[in-house]
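The structure appears right after this line, and notes come after that.
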Amino acid sequence: MDHSSPLHQAGDYGRRSKTEQSPTLSLTLQNAGVRAGQTPQELRHYRLQVIYNIIRRLAEYSPWRLVEPEDVKKDTIRVHVELQKCTQPELKDHVCLVSGPVVEPVQKTATKMTLDGYLELRTTHMRQVAIHRNGIRQSGISNMDTLMKRLGSAAVIVDLASVRHQSAVTLVRNGLGSSKGASYILYNSARLETLLRTFNDQVKAKVYDPLPPLEEIDLSILEDDLDWEIIYGYLLPFPDVLESLLEQLPQGSCGIHQFVRYIENLAGVTSRYYRHKKVLVQRRSQLSPILYARIYLIMTVRQVLNVVLAVLGIEPVDYI
């Protein structure tokens, strides 16, 4: 990790620079259904909006410069995000990116569940997961309802984005989905937040010395398989991962589901790291280099996780 690392670039890590000469991209949302704020909203319309919003955020990291429909040029790539292909077949000046249907798990027929109903269902699932994992009682934490609603909202987004956008996505009725899901991602993200918060508290308590600047850290200490898997398998390739997701956009395709898989896999390797590595080691001079190197590695993972969550439209949590 060098000066182009996410710790130096923060939320701009992976973001490509743009100029007035950059290629231009125009995104249009079609068949959006009810307007924002109106209820009930069909899940297929919400999935359409989720896909559109994610593509728009991904485009901010791409070499393309987003322009409004009225500002398109002759060579602008025009993409319509739609429920079906194509509502305006007579027009040849754009490509269609299709958002598939939302179906029931058994019958595989289009669901009639509304967004509000599905949010309530997935929030209940998240509460059950939290109770099972932590033994939290219904009235155990004053702001638990707020937290569970955030987790439920995140679960809905991950559910709708975890398969190819043009394919049908199946509702999660019993708390189990085709992927590990939002609770797994956010649980591991929250563990990193807790670890870093504990480190900072112990610095204030003078258990540890303050974290030295990154330039003074010997990152060569991070040399075992887990370190390398995180650094070379996930952190350093991240800008290329971002760019690859939009490679097929001119053909009406976007690898959003691969982005969900990326963050799930990163959460998975982070979970293994958390279990097998003792980050907050005893205060001994010979252990300080590995302590600081691991803290910086955890900070880097957190930064990348937060970028991915932001692109997906999910707010990170400090605890679960």
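Chains: A, B, ... in order of the structure tokens. Residues: from 1 per chain. Ligands: from 1, in order shown.
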- Pick out the residues sitting within 9 Å of A:Met148, and hand them over as number ranges by chain; count only C-alpha atoms, and ignore anything fewer than 6 positions along from it in its own chain. A: 123-124, 126-127, 130, 320
- Query: Which of stretch 101-298 of chain A counts as alpha helix (DSSP H) under DSSP, as a count of residues only please?
  - Reply: 108
- Message: Show me, as a ChimeraX atom specification, the residues that have an atom within 7 Å of A:Glu42 when counting only C-alpha atoms, minus same-chain residues fewer than 4 positions from it.
- Response: /A:46,114-115
- Leaving out A:Arg78 and any residue of its chain fewer than 6 positions from it, which residues lie within 9 Å of it when counting only C-alpha atoms, given as a ChimeraX atom specification? /A:24-28,69,72,93-96,250
Save out the residues we just selected, C-alpha atoms, as a compact mmCIF listing (two decimals), in the first residue's frame.
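The result, stored in again_38.txt:
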# COMPACT_ATOMS: atom_id res chain seq x y z
CA THR A 24 -19.64 11.34 -21.59
CA LEU A 25 -22.43 9.16 -20.28
CA SER A 26 -26.13 9.89 -19.92
CA LEU A 27 -28.35 7.75 -17.67
CA THR A 28 -32.14 7.83 -17.87
CA PRO A 69 -30.00 14.20 -21.29
CA VAL A 72 -25.61 14.86 -24.63
CA ASP A 93 -29.75 6.38 -30.03
CA HIS A 94 -29.51 4.55 -26.71
CA VAL A 95 -28.99 1.15 -25.14
CA CYS A 96 -31.38 -0.47 -22.67
CA PRO A 250 -22.37 0.40 -23.60
- Message: Using only C-alpha atoms, which protein or nucleic acid residues come within 7 Å of A:Ser62? Drop anything in the same chain fewer than 6 positions from it, and give the result as a count of residues only.
- Response: 3
- Within stretch 61-220 of chain A, find each residue whose DSSP state, derived from the backbone, is strand (DSSP E), and express the selection as a PyMOL selection string. chain A and resi 65-66+77-82+95-98+102-103+169-170
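Our summary of the geometry notes that atom CA of A:Ser220 is positioned 9.7 Å from atom CA of A:Ile290.
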- Message: Neighbouring residues of A:Asp227 were defined as those with any atom within 12 Å, considering only C-alpha atoms; residues of the same chain fewer than 3 positions away were excluded. Please report them as a ChimeraX atom specification.
- Response: /A:1,219-224,230-235,269-270,272-274,276-277,290,293-294,296-298,301
- Which of these residues is nearest to A:Gln282, using only C-alpha atoms: A:Gln202, A:Ile131, A:Leu196, A:Pro101? A:Gln202
- Message: When you count only C-alpha atoms, which of these residues is closest to A:Leu266: A:Ala190, A:Val279, A:Leu249, A:Val308?
- Response: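 For A:Leu266, the nearest of the candidates is A:Val308.
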- Within 12 Å of A:Arg56, counting only C-alpha atoms, which residues show up once you throw out same-chain ones fewer than 6 positions away? Write them as a list in words, please.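 Skipping anything fewer than 6 positions along the chain leaves Leu25, Ser26, Leu27, Thr28, Leu29, Gln49, Val50, Ser62, Trp64, Arg65, Leu66, Val67, Glu68, Val79, His80, Val81, Leu246, Leu249, Cys254, Ile256, Ala310, Val311, Leu312 and Gly313 of chain A.
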Same residues, N, CA and C atoms, saved as a short mmCIF file (atom, residue, chain, number, x, y, z; two decimals), in the first residue's frame:
data_model
loop_
_atom_site.label_atom_id
_atom_site.label_comp_id
_atom_site.auth_asym_id
_atom_site.auth_seq_id
_atom_site.Cartn_x
_atom_site.Cartn_y
_atom_site.Cartn_z
N LEU A 25 -21.43 10.19 -20.50
CA LEU A 25 -22.43 9.16 -20.28
C LEU A 25 -23.71 9.82 -19.79
N SER A 26 -24.83 9.40 -20.36
CA SER A 26 -26.13 9.89 -19.92
C SER A 26 -26.97 8.71 -19.45
N LEU A 27 -27.51 8.80 -18.23
CA LEU A 27 -28.35 7.75 -17.67
C LEU A 27 -29.77 8.27 -17.53
N THR A 28 -30.73 7.46 -17.97
CA THR A 28 -32.14 7.83 -17.87
C THR A 28 -32.90 6.70 -17.20
N LEU A 29 -33.71 7.05 -16.21
CA LEU A 29 -34.54 6.08 -15.51
C LEU A 29 -35.93 6.05 -16.15
N GLN A 49 -35.05 1.39 -9.33
CA GLN A 49 -34.42 2.59 -8.78
C GLN A 49 -33.08 2.27 -8.12
N VAL A 50 -33.02 1.13 -7.41
CA VAL A 50 -31.78 0.72 -6.76
C VAL A 50 -30.68 0.53 -7.81
N SER A 62 -15.94 6.12 -12.60
CA SER A 62 -15.49 5.66 -13.91
C SER A 62 -14.79 6.79 -14.67
N TRP A 64 -15.88 7.97 -17.32
CA TRP A 64 -16.93 8.74 -17.98
C TRP A 64 -17.38 9.92 -17.14
N ARG A 65 -17.79 10.96 -17.82
CA ARG A 65 -18.36 12.14 -17.18
C ARG A 65 -19.87 12.12 -17.39
N LEU A 66 -20.61 12.12 -16.28
CA LEU A 66 -22.07 12.08 -16.36
C LEU A 66 -22.61 13.42 -16.86
N VAL A 67 -23.53 13.35 -17.82
CA VAL A 67 -24.18 14.56 -18.32
C VAL A 67 -25.69 14.33 -18.32
N GLU A 68 -26.42 15.40 -18.25
CA GLU A 68 -27.88 15.32 -18.30
C GLU A 68 -28.32 15.07 -19.75
N VAL A 79 -27.75 5.54 -21.88
CA VAL A 79 -28.24 4.30 -21.30
C VAL A 79 -29.58 4.56 -20.62
N HIS A 80 -30.59 3.78 -21.00
CA HIS A 80 -31.89 3.84 -20.36
C HIS A 80 -32.04 2.62 -19.45
N VAL A 81 -32.27 2.87 -18.16
CA VAL A 81 -32.50 1.78 -17.21
C VAL A 81 -34.00 1.54 -17.16
N LEU A 246 -18.37 -1.60 -15.08
CA LEU A 246 -19.06 -0.81 -16.10
C LEU A 246 -18.55 -1.07 -17.51
N LEU A 249 -21.31 -1.61 -19.94
CA LEU A 249 -22.43 -0.66 -19.91
C LEU A 249 -22.86 -0.21 -21.31
N CYS A 254 -24.29 -4.34 -16.56
CA CYS A 254 -23.45 -3.82 -15.48
C CYS A 254 -23.32 -4.90 -14.41
N ILE A 256 -23.30 -5.31 -11.25
CA ILE A 256 -23.62 -4.92 -9.87
C ILE A 256 -23.54 -6.12 -8.93
N ALA A 310 -21.22 2.80 0.34
CA ALA A 310 -21.74 4.08 -0.16
C ALA A 310 -22.24 3.94 -1.59
N VAL A 311 -21.51 3.21 -2.43
CA VAL A 311 -21.94 3.01 -3.81
C VAL A 311 -23.26 2.22 -3.85
N LEU A 312 -23.39 1.25 -2.96
CA LEU A 312 -24.62 0.46 -2.91
C LEU A 312 -25.78 1.24 -2.28
N GLY A 313 -25.47 2.35 -1.63
CA GLY A 313 -26.52 3.13 -0.97
C GLY A 313 -26.84 2.63 0.42
#
- Message: Could you tell me how far atom CA of A:Ala182 sits from atom CA of A:Asp159, in Å to one decimal place?
- Response: 8.2 Å
- A:Ala168, A:Met113, A:Leu186, A:Leu287: which is nearest A:Asn306, counting only C-alpha atoms? A:Leu186
